[in-house]
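Enquirer: What follows is the file model.txt, containing compact mmCIF, C-alpha atoms:
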```
# COMPACT_ATOMS: atom_id res chain seq x y z
CA MET E 1 0.00 0.00 0.00
CA SER E 2 1.29 3.46 -0.87
CA ALA E 3 0.66 6.48 1.33
CA LEU E 4 -0.06 10.15 0.81
CA ALA E 5 3.36 11.78 1.07
CA HIS E 6 2.81 15.35 -0.07
CA ILE E 7 0.00 17.74 -0.96
CA ASP E 8 -0.01 21.33 -2.21
CA ASP E 9 -3.24 23.23 -2.77
CA TRP E 10 -4.77 26.55 -3.78
CA THR E 11 -8.27 27.99 -3.38
CA GLY E 12 -9.67 30.86 -5.42
CA GLY E 13 -13.10 32.48 -5.44
CA ASP E 14 -14.61 34.12 -8.52
CA THR E 15 -11.67 33.05 -10.65
CA THR E 16 -11.01 32.30 -14.34
CA VAL E 17 -9.89 29.26 -16.33
CA ALA E 18 -6.62 31.03 -17.18
CA GLU E 19 -5.92 31.65 -13.49
CA ILE E 20 -6.72 28.00 -12.65
CA ASP E 21 -4.28 26.78 -15.30
CA ARG E 22 -1.57 29.17 -14.04
CA ARG E 23 -2.07 28.12 -10.42
CA LEU E 24 -1.94 24.45 -11.39
CA GLY E 25 1.43 25.04 -13.02
CA ASP E 26 2.63 26.84 -9.89
CA LEU E 27 1.63 23.88 -7.72
CA ARG E 28 3.48 21.41 -9.93
CA ARG E 29 6.63 23.54 -9.82
CA SER E 30 6.31 23.87 -6.05
CA VAL E 31 6.21 20.07 -5.70
CA GLU E 32 9.37 19.78 -7.78
CA GLN E 33 11.17 22.52 -5.83
CA GLU E 34 10.35 20.84 -2.54
CA GLY E 35 12.27 17.78 -3.64
CA VAL E 36 9.42 15.35 -4.21
CA PRO E 37 10.63 12.92 -6.91
CA ASP E 38 7.77 13.10 -9.36
CA LEU E 39 6.69 10.19 -11.53
CA ARG E 40 3.45 11.87 -12.54
CA THR E 41 2.26 9.90 -15.54
CA SER E 42 -1.37 10.83 -16.02
CA VAL E 43 -3.22 8.19 -17.98
CA LEU E 44 -6.55 10.00 -18.33
CA THR E 45 -8.66 13.01 -17.44
CA HIS E 46 -11.40 12.07 -15.00
CA LEU E 47 -14.36 14.46 -15.00
CA ALA E 48 -17.20 14.20 -12.50
CA TRP E 49 -20.53 16.04 -12.71
CA VAL E 50 -21.49 16.33 -9.04
CA PRO E 51 -24.74 18.04 -7.98
CA PRO E 52 -24.34 19.39 -4.43
CA GLU E 53 -26.27 16.52 -2.83
CA TYR E 54 -23.65 14.06 -4.15
CA GLU E 55 -20.60 16.17 -3.29
CA GLN E 56 -19.53 14.33 -0.13
CA ALA E 57 -19.99 10.89 -1.71
CA ALA E 58 -17.97 11.95 -4.77
CA THR E 59 -15.17 13.37 -2.63
CA ASP E 60 -15.00 10.18 -0.56
CA THR E 61 -14.91 8.01 -3.69
CA LEU E 62 -12.13 10.10 -5.22
CA ALA E 63 -10.07 9.88 -2.03
CA GLY E 64 -10.44 6.10 -2.12
CA LEU E 65 -8.97 5.96 -5.62
CA ALA E 66 -5.71 7.32 -4.17
CA GLU E 67 -2.79 6.57 -6.50
CA ARG E 68 -4.49 3.84 -8.54
CA HIS E 69 -5.18 6.12 -11.51
CA PRO E 70 -2.66 8.96 -11.95
CA SER E 71 -4.90 11.51 -13.57
CA ARG E 72 -6.24 15.00 -13.67
CA ALA E 73 -9.57 14.82 -11.83
CA ILE E 74 -11.98 17.69 -12.46
CA LEU E 75 -15.05 17.80 -10.22
CA LEU E 76 -17.83 20.02 -11.53
CA VAL E 77 -20.33 21.14 -8.90
CA PRO E 78 -23.23 22.94 -10.65
CA GLU E 79 -25.13 25.63 -8.74
CA PRO E 80 -27.43 27.08 -11.44
CA GLU E 81 -29.71 28.69 -8.85
CA ALA E 82 -26.90 30.72 -7.26
CA GLU E 83 -27.64 34.44 -6.91
CA THR E 84 -24.46 35.44 -8.75
CA ASP E 85 -22.60 34.04 -11.77
CA GLY E 86 -19.05 32.91 -11.16
CA LEU E 87 -16.43 30.21 -10.95
CA ASP E 88 -14.83 29.10 -7.69
CA ALA E 89 -11.94 26.65 -7.63
CA GLU E 90 -10.02 24.41 -5.25
CA ILE E 91 -6.88 22.82 -6.70
CA SER E 92 -4.52 20.28 -5.18
CA VAL E 93 -1.55 18.20 -6.31
CA ARG E 94 -1.44 14.95 -4.33
CA CYS E 95 1.68 12.77 -4.32
CA PHE E 96 1.85 9.21 -3.07
CA SER E 97 4.97 7.28 -2.13
CA LEU E 98 5.59 4.03 -3.95
CA PRO E 99 6.58 1.10 -1.70
CA GLY E 100 10.24 0.18 -2.03
CA LEU E 101 11.06 3.15 -4.28
CA GLU E 102 12.34 6.65 -3.61
CA ALA E 103 9.75 8.07 -5.95
CA HIS E 104 6.16 9.25 -6.00
CA VAL E 105 3.20 9.27 -8.31
CA CYS E 106 1.26 12.53 -8.37
CA SER E 107 -2.28 13.36 -9.39
CA GLU E 108 -4.12 16.65 -9.75
CA VAL E 109 -7.58 17.41 -8.39
CA ILE E 110 -9.51 20.46 -9.56
CA GLU E 111 -12.88 21.14 -7.92
CA LEU E 112 -14.91 23.77 -9.74
CA ARG E 113 -18.08 25.32 -8.38
CA LEU E 114 -20.16 26.60 -11.32
CA ARG E 115 -22.43 29.38 -10.10
CA GLY E 116 -25.41 30.73 -12.02
CA LYS E 117 -24.93 30.89 -15.78
CA ARG E 118 -21.50 29.26 -15.52
CA ALA E 119 -23.35 25.96 -14.92
CA VAL E 120 -25.06 26.22 -18.32
CA ALA E 121 -21.89 26.06 -20.45
CA PRO E 122 -19.46 23.71 -18.69
CA ALA E 123 -17.65 22.64 -21.87
CA SER E 124 -16.09 26.07 -22.32
CA ILE E 125 -14.63 25.78 -18.82
CA VAL E 126 -13.50 22.16 -19.01
CA SER E 127 -12.02 22.04 -22.53
CA PRO E 128 -8.86 24.12 -21.79
CA LEU E 129 -8.15 21.96 -18.71
CA LEU E 130 -8.18 18.57 -20.46
CA ILE E 131 -4.84 16.82 -20.92
CA ALA E 132 -4.14 16.53 -24.64
CA ASP E 133 -4.10 13.09 -26.30
CA LEU E 134 -5.36 11.22 -23.23
CA PRO E 135 -8.80 9.58 -22.84
CA VAL E 136 -11.48 11.51 -21.00
CA PHE E 137 -13.99 9.84 -18.67
CA ILE E 138 -16.95 11.47 -16.97
CA ARG E 139 -18.67 10.08 -13.88
CA TRP E 140 -22.19 11.54 -13.88
CA ARG E 141 -23.65 11.55 -10.39
CA GLY E 142 -27.43 11.29 -10.18
CA ARG E 143 -29.76 11.00 -13.13
CA PRO E 144 -28.50 12.83 -16.23
CA ASP E 145 -30.81 15.41 -17.73
CA PHE E 146 -30.61 13.72 -21.14
CA GLY E 147 -30.74 16.24 -23.96
CA SER E 148 -29.95 19.26 -21.78
CA GLY E 149 -27.23 21.70 -22.80
CA PRO E 150 -24.69 20.81 -20.06
CA PHE E 151 -25.12 17.07 -20.59
CA GLU E 152 -24.85 17.24 -24.38
CA GLN E 153 -21.79 19.50 -24.22
CA LEU E 154 -19.89 17.22 -21.88
CA VAL E 155 -20.83 14.00 -23.70
CA GLU E 156 -19.26 15.47 -26.83
CA LEU E 157 -15.98 15.98 -24.92
CA VAL E 158 -15.58 12.53 -23.41
CA ASP E 159 -14.65 9.03 -24.53
CA ARG E 160 -16.60 7.23 -21.82
CA LEU E 161 -19.68 8.02 -19.71
CA VAL E 162 -19.93 6.30 -16.30
CA VAL E 163 -23.29 6.37 -14.50
CA ASP E 164 -24.94 4.56 -11.62
CA SER E 165 -28.54 3.89 -12.60
CA GLY E 166 -29.16 2.96 -8.97
CA GLU E 167 -29.29 6.74 -8.42
CA TRP E 168 -32.23 7.10 -10.85
CA ALA E 169 -35.87 7.15 -9.77
CA ASP E 170 -37.58 6.54 -13.14
CA LEU E 171 -36.52 3.01 -14.02
CA PRO E 172 -36.83 1.25 -16.36
CA ALA E 173 -37.99 4.19 -18.54
CA ALA E 174 -34.66 6.06 -18.29
CA TYR E 175 -32.79 3.10 -19.79
CA ALA E 176 -34.27 3.88 -23.20
CA GLN E 177 -32.75 7.36 -23.04
CA LEU E 178 -29.39 5.94 -21.99
CA ALA E 179 -29.51 3.44 -24.86
CA SER E 180 -29.91 6.28 -27.36
CA LEU E 181 -26.33 7.34 -26.51
CA PHE E 182 -24.63 4.01 -27.22
CA ASP E 183 -23.55 4.96 -30.74
CA ARG E 184 -22.16 8.29 -29.53
CA VAL E 185 -20.15 7.43 -26.42
CA ALA E 186 -19.01 4.28 -24.62
CA ALA E 187 -21.25 3.95 -21.57
CA SER E 188 -20.99 1.90 -18.42
CA ASP E 189 -23.05 1.56 -15.27
CA ILE E 190 -21.83 0.92 -11.74
CA ALA E 191 -25.13 -0.87 -11.04
CA TRP E 192 -24.08 -3.35 -13.74
CA SER E 193 -20.64 -3.78 -12.19
CA ARG E 194 -22.13 -4.45 -8.75
CA SER E 195 -23.94 -7.51 -10.08
CA LEU E 196 -20.88 -9.13 -11.70
CA GLU E 197 -20.48 -11.95 -9.17
CA TRP E 198 -24.21 -12.70 -9.24
CA ARG E 199 -24.09 -12.94 -13.03
CA ARG E 200 -21.27 -15.43 -12.70
CA GLN E 201 -23.39 -17.47 -10.31
CA LEU E 202 -26.29 -17.45 -12.77
CA ALA E 203 -24.02 -18.39 -15.68
CA GLY E 204 -22.80 -21.35 -13.64
CA LEU E 205 -26.34 -22.75 -13.68
CA TRP E 206 -26.15 -23.38 -17.44
CA PRO E 207 -27.69 -25.37 -19.11
CA GLY E 208 -30.43 -25.79 -16.51
CA ILE E 209 -31.15 -22.06 -16.54
CA ALA E 210 -32.00 -22.21 -20.25
CA SER E 211 -35.66 -22.93 -19.44
CA ALA E 212 -35.97 -20.18 -16.78
CA ARG E 213 -39.19 -18.16 -16.74
CA ARG E 214 -38.90 -16.02 -13.60
CA LEU E 215 -36.07 -14.27 -11.78
CA THR E 216 -36.68 -13.25 -8.17
CA VAL E 217 -34.39 -10.56 -6.74
CA ALA E 218 -34.05 -9.04 -3.28
CA GLY E 219 -31.96 -5.97 -4.02
CA PRO E 220 -31.87 -2.54 -5.68
CA ARG E 221 -34.28 -1.95 -8.54
CA ALA E 222 -31.52 -1.03 -11.03
CA ASP E 223 -29.44 -4.12 -10.30
CA ALA E 224 -32.51 -6.35 -10.59
CA LEU E 225 -33.57 -4.83 -13.91
CA LEU E 226 -30.11 -5.20 -15.41
CA LEU E 227 -29.84 -8.81 -14.25
CA THR E 228 -33.20 -9.51 -15.87
CA GLY E 229 -32.19 -7.72 -19.06
CA TRP E 230 -28.96 -9.69 -19.16
CA LEU E 231 -30.80 -13.01 -18.87
CA ARG E 232 -33.38 -11.93 -21.44
CA SER E 233 -30.67 -10.96 -23.92
CA ARG E 234 -28.71 -14.19 -23.36
CA LEU E 235 -31.78 -16.47 -23.53
CA GLU E 236 -33.37 -14.40 -26.31
CA ARG E 237 -36.86 -14.45 -24.82
CA GLU E 238 -39.09 -12.88 -22.18
CA LEU E 239 -38.36 -13.36 -18.48
CA GLU E 240 -40.49 -12.20 -15.55
CA LEU E 241 -38.93 -10.17 -12.73
CA GLU E 242 -40.21 -10.55 -9.19
CA LEU E 243 -38.65 -7.80 -7.06
CA GLU E 244 -38.27 -7.17 -3.35
CA GLU E 245 -36.45 -3.84 -3.19
CA ARG E 246 -33.48 -3.73 -0.80
CA PRO E 247 -30.45 -1.37 -0.53
CA GLU E 248 -28.05 -4.14 -1.63
CA LEU E 249 -28.25 -7.38 -3.62
CA GLU E 250 -29.11 -10.01 -1.03
CA ARG E 251 -30.86 -12.93 -2.73
CA LEU E 252 -31.63 -14.33 -6.17
CA ALA E 253 -33.83 -17.22 -7.20
CA VAL E 254 -34.62 -18.74 -10.57
CA ASP E 255 -38.14 -20.18 -10.86
CA GLY E 256 -38.22 -20.32 -7.05
CA ALA E 257 -34.85 -22.09 -6.65
CA ALA E 258 -32.34 -20.06 -4.63
CA VAL E 259 -29.06 -19.05 -6.27
CA GLU E 260 -25.98 -19.55 -4.11
CA THR E 261 -24.66 -16.27 -2.69
CA PRO E 262 -21.26 -15.31 -4.20
CA ALA E 263 -18.23 -15.57 -1.96
CA GLY E 264 -16.10 -12.54 -1.18
CA SER E 265 -16.66 -9.07 0.22
CA ARG E 266 -18.66 -6.28 -1.37
CA ARG E 267 -16.58 -3.86 -3.45
CA SER E 268 -16.42 -0.23 -2.31
CA ALA E 269 -17.56 2.73 -4.42
CA SER E 270 -13.89 3.53 -5.10
CA ASP E 271 -13.19 -0.04 -6.20
CA LEU E 272 -16.15 0.00 -8.58
CA LEU E 273 -15.17 3.32 -10.14
CA SER E 274 -11.54 2.22 -10.38
CA ALA E 275 -12.63 -0.80 -12.43
CA GLU E 276 -14.59 1.45 -14.81
CA LEU E 277 -11.58 3.71 -15.36
CA GLU E 278 -9.70 0.73 -16.76
CA GLN E 279 -12.25 0.08 -19.52
CA PHE E 280 -11.86 2.02 -22.76
CA THR E 281 -14.24 0.34 -25.21
CA ARG E 282 -17.95 -0.32 -25.54
CA ASP E 283 -19.48 -3.23 -23.65
CA PRO E 284 -21.95 -4.92 -26.03
CA VAL E 285 -23.24 -7.33 -23.37
CA TYR E 286 -24.15 -4.42 -21.09
CA GLU E 287 -25.75 -2.53 -23.97
CA GLN E 288 -27.88 -5.55 -24.87
CA ALA E 289 -28.95 -5.92 -21.22
CA VAL E 290 -30.06 -2.27 -21.10
CA LEU E 291 -32.07 -2.65 -24.30
CA ALA E 292 -33.67 -5.86 -23.04
CA CYS E 293 -34.77 -4.42 -19.68
CA ALA E 294 -36.17 -1.11 -20.89
CA ASP E 295 -39.74 -2.52 -20.90
CA VAL E 296 -39.53 -4.85 -17.87
CA GLN E 297 -42.33 -4.25 -15.37
CA PRO E 298 -41.35 -5.83 -12.04
CA ILE E 299 -43.98 -7.49 -9.87
CA SER E 300 -43.71 -7.31 -6.08
CA ALA E 301 -42.23 -10.33 -4.37
```
Starting from the file, lay out its structure as structure tokens.

Expert:
Amino acid sequence: MSALAHIDDWTGGDTTVAEIDRRLGDLRRSVEQEGVPDLRTSVLTHLAWVPPEYEQAATDTLAGLAERHPSRAILLVPEPEAETDGLDAEISVRCFSLPGLEAHVCSEVIELRLRGKRAVAPASIVSPLLIADLPVFIRWRGRPDFGSGPFEQLVELVDRLVVDSGEWADLPAAYAQLASLFDRVAASDIAWSRSLEWRRQLAGLWPGIASARRLTVAGPRADALLLTGWLRSRLERELELELEERPELERLAVDGAAVETPAGSRRSASDLLSAELEQFTRDPVYEQAVLACADVQPISA
């Protein structure tokens, strides 16, 4: 395990993109002058659209990523109802020691608070801060406002969109809107990733599962819908979903027969996001699951 060895930061209210870029350069030079051996090798730009109600969760998840993904992380906190227009920034350069080496890996974190009209045109703020020639991911917290100006602008900038449909209230209807983006941007869903071990358990039931007619799930609505869509797409036919909503995936049954609970501990939010930041291409199996669950109407268990 590596450890946080050094941090430099700067905070500025009512600032500009040019000032942010200048201050970021100052922080990097300060790290070098203070003798921190720097192996900063950013592999991507990680954007996050973070409405205020998700701010603490997003900050905690980012902290848990630590040195796993040397990157420039840009957190965008929109405040369109603010009384004044403006841009506030908090910037830090965080360096982690590497075990057994006299060297560090450094990442940059830029938190931008978009007040008033600045929340309407985020692309003009973000574009100058992207690292050239590296992939760009965006983690969209909460339900995207599909088709809105901010969402459309940022989707055009990124190579991959990461959502968690477990944060959406209007399922399965919203899956149809998500599916409309598949030919424009690679998309992935943390709700899909959470169910990986359960999908492996279900796959292990082959060929007996080939005749399945009903899936019973005690767990989150999003996870249950995606599991049902996955089975529907693999079996190429209809499958009924019986749902008992719970905060976490607890139990599965196929036609009334219980599925063995996967071994191992539950992955943290940081672990799940870390896994998504290692994927760079489309996931056709996920896309097919989304398309297949868009019209599923769960019945209560």

Enquirer: Work out how far CA of Ser165 (chain E) is from CA of Val259 (chain E), in Å to one decimal.

Expert: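 Computed distance, CA of Val259 (chain E) to CA of Ser165 (chain E), equals 23.8 Å.
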
Enquirer: Using all atoms listed in the file, which of E:Trp192, E:Ala121, E:Arg251, E:Leu235 sits nearest Trp206 (chain E)?

Expert: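 Going through E:Trp192, E:Ala121, E:Arg251, E:Leu235 one by one, the smallest distance to Trp206 (chain E) is for E:Leu235.
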
Enquirer: Please measure the separation of CA of Glu108 (chain E) and CA of Gly12 (chain E), giving the value in Å to one decimal.

Expert: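 It comes out at 15.9 Å.
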
Enquirer: How far is it from CA of Ser270 (chain E) to CA of Ala63 (chain E), in Å with one decimal?

Expert: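 Those two atoms sit 8.0 Å apart.
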
Enquirer: Up to 12 Å from (-32.1, 11.9, -15.6) in the file's coordinates: name the residues, counting only C-alpha atoms, as a list of chain:residue names.

Expert: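 All residues meeting the 12 Å criterion around (-32.1, 11.9, -15.6) are E:Trp140, E:Arg141, E:Gly142, E:Arg143, E:Pro144, E:Asp145, E:Phe146, E:Gly147, E:Ser148, E:Phe151, E:Val163, E:Asp164, E:Ser165, E:Gly166, E:Glu167, E:Trp168, E:Ala169, E:Asp170, E:Leu171, E:Pro172, E:Ala173, E:Ala174, E:Tyr175, E:Ala176, E:Gln177, E:Leu178.
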
Enquirer: Keeping C-alpha atoms, export the residues of the selection given above as a JSON list (two decimals), in the coordinates of the input.

Expert:
```json
[["chain", "number", "residue", "atom", "x", "y", "z"],
["E", 140, "TRP", "CA", -22.19, 11.54, -13.88],
["E", 141, "ARG", "CA", -23.65, 11.55, -10.39],
["E", 142, "GLY", "CA", -27.43, 11.29, -10.18],
["E", 143, "ARG", "CA", -29.76, 11.00, -13.13],
["E", 144, "PRO", "CA", -28.50, 12.83, -16.23],
["E", 145, "ASP", "CA", -30.81, 15.41, -17.73],
["E", 146, "PHE", "CA", -30.61, 13.72, -21.14],
["E", 147, "GLY", "CA", -30.74, 16.24, -23.96],
["E", 148, "SER", "CA", -29.95, 19.26, -21.78],
["E", 151, "PHE", "CA", -25.12, 17.07, -20.59],
["E", 163, "VAL", "CA", -23.29, 6.37, -14.50],
["E", 164, "ASP", "CA", -24.94, 4.56, -11.62],
["E", 165, "SER", "CA", -28.54, 3.89, -12.60],
["E", 166, "GLY", "CA", -29.16, 2.96, -8.97],
["E", 167, "GLU", "CA", -29.29, 6.74, -8.42],
["E", 168, "TRP", "CA", -32.23, 7.10, -10.85],
["E", 169, "ALA", "CA", -35.87, 7.15, -9.77],
["E", 170, "ASP", "CA", -37.58, 6.54, -13.14],
["E", 171, "LEU", "CA", -36.52, 3.01, -14.02],
["E", 172, "PRO", "CA", -36.83, 1.25, -16.36],
["E", 173, "ALA", "CA", -37.99, 4.19, -18.54],
["E", 174, "ALA", "CA", -34.66, 6.06, -18.29],
["E", 175, "TYR", "CA", -32.79, 3.10, -19.79],
["E", 176, "ALA", "CA", -34.27, 3.88, -23.20],
["E", 177, "GLN", "CA", -32.75, 7.36, -23.04],
["E", 178, "LEU", "CA", -29.39, 5.94, -21.99]]
```

Enquirer: Skipping near chain neighbours, those fewer than 5 positions away, what residues fall within 6 Å of region 70-87 of chain E using all atoms listed in the file, listed as a PDB file with C-alpha atoms, in the coordinates of the input?

Expert:
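Okay, selection-v5.pdb is ready:
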```pdb
ATOM      1  CA  ASP E  14     -14.610  34.120  -8.520  1.00  0.00           C
ATOM      2  CA  THR E  15     -11.670  33.050 -10.650  1.00  0.00           C
ATOM      3  CA  SER E  42      -1.370  10.830 -16.020  1.00  0.00           C
ATOM      4  CA  VAL E  43      -3.220   8.190 -17.980  1.00  0.00           C
ATOM      5  CA  LEU E  44      -6.550  10.000 -18.330  1.00  0.00           C
ATOM      6  CA  THR E  45      -8.660  13.010 -17.440  1.00  0.00           C
ATOM      7  CA  HIS E  46     -11.400  12.070 -15.000  1.00  0.00           C
ATOM      8  CA  LEU E  47     -14.360  14.460 -15.000  1.00  0.00           C
ATOM      9  CA  ALA E  48     -17.200  14.200 -12.500  1.00  0.00           C
ATOM     10  CA  TRP E  49     -20.530  16.040 -12.710  1.00  0.00           C
ATOM     11  CA  VAL E  50     -21.490  16.330  -9.040  1.00  0.00           C
ATOM     12  CA  PRO E  51     -24.740  18.040  -7.980  1.00  0.00           C
ATOM     13  CA  SER E 107      -2.280  13.360  -9.390  1.00  0.00           C
ATOM     14  CA  GLU E 108      -4.120  16.650  -9.750  1.00  0.00           C
ATOM     15  CA  VAL E 109      -7.580  17.410  -8.390  1.00  0.00           C
ATOM     16  CA  ILE E 110      -9.510  20.460  -9.560  1.00  0.00           C
ATOM     17  CA  GLU E 111     -12.880  21.140  -7.920  1.00  0.00           C
ATOM     18  CA  LEU E 112     -14.910  23.770  -9.740  1.00  0.00           C
ATOM     19  CA  ARG E 113     -18.080  25.320  -8.380  1.00  0.00           C
ATOM     20  CA  LEU E 114     -20.160  26.600 -11.320  1.00  0.00           C
ATOM     21  CA  ARG E 115     -22.430  29.380 -10.100  1.00  0.00           C
ATOM     22  CA  GLY E 116     -25.410  30.730 -12.020  1.00  0.00           C
ATOM     23  CA  LYS E 117     -24.930  30.890 -15.780  1.00  0.00           C
ATOM     24  CA  ALA E 119     -23.350  25.960 -14.920  1.00  0.00           C
TER      25      ALA E 119
END
```

Enquirer: Need to verify the contact set: Glu242 (chain E), 8 Å, all atoms listed in the file, exclusion of same-chain residues closer than 3 positions in sequence. Can you return it as a list of chain:residue names?

Expert: E:Arg214, E:Leu215, E:Thr216, E:Val217, E:Pro298, E:Ile299, E:Ser300, E:Ala301

Enquirer: For Ala222 (chain E), which residue out of E:Val290, E:Ile209, E:Leu252, E:Leu24 is the nearest one, using all atoms listed in the file?

Expert: E:Val290

Enquirer: Smallest atom-to-atom distance to Ser233 (chain E): which of E:Gly13, E:Pro52, E:Pro284, E:Pro220, using all atoms listed in the file?

Expert: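 So, comparing all the options, the nearest one is E:Pro284.
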
Enquirer: Which residue, E:Ile91, E:Leu272, E:Cys106, E:Ala212, has the smallest gap to Val162 (chain E) when you use only C-alpha atoms?

Expert: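 Selected residue with least distance to Val162 (chain E): E:Leu272.
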
Enquirer: Counting all atoms listed in the file, which residues have an atom no more than 10 Å from (2.6, 21.2, -10.0) in the file's coordinates? Please list them as number ranges by chain.

Expert: E: 8-9, 22-33, 38, 40, 92-94, 106-108

Enquirer: Find the residue from E:Arg199, E:Arg160, E:Arg184, E:Arg213 that sits nearest to Asp255 (chain E); use only C-alpha atoms when measuring.

Expert: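 That would be E:Arg213, the residue with the smallest distance to Asp255 (chain E).
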
Enquirer: Go through E:Pro262, E:Pro247, E:Pro128, E:Gly64 one by one, measure the shortest atom-to-atom distance of each to Trp198 (chain E) using only C-alpha atoms, and give the residue with the smallest value.

Expert: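 Using only C-alpha atoms, the shortest distance to Trp198 (chain E) belongs to E:Pro262.
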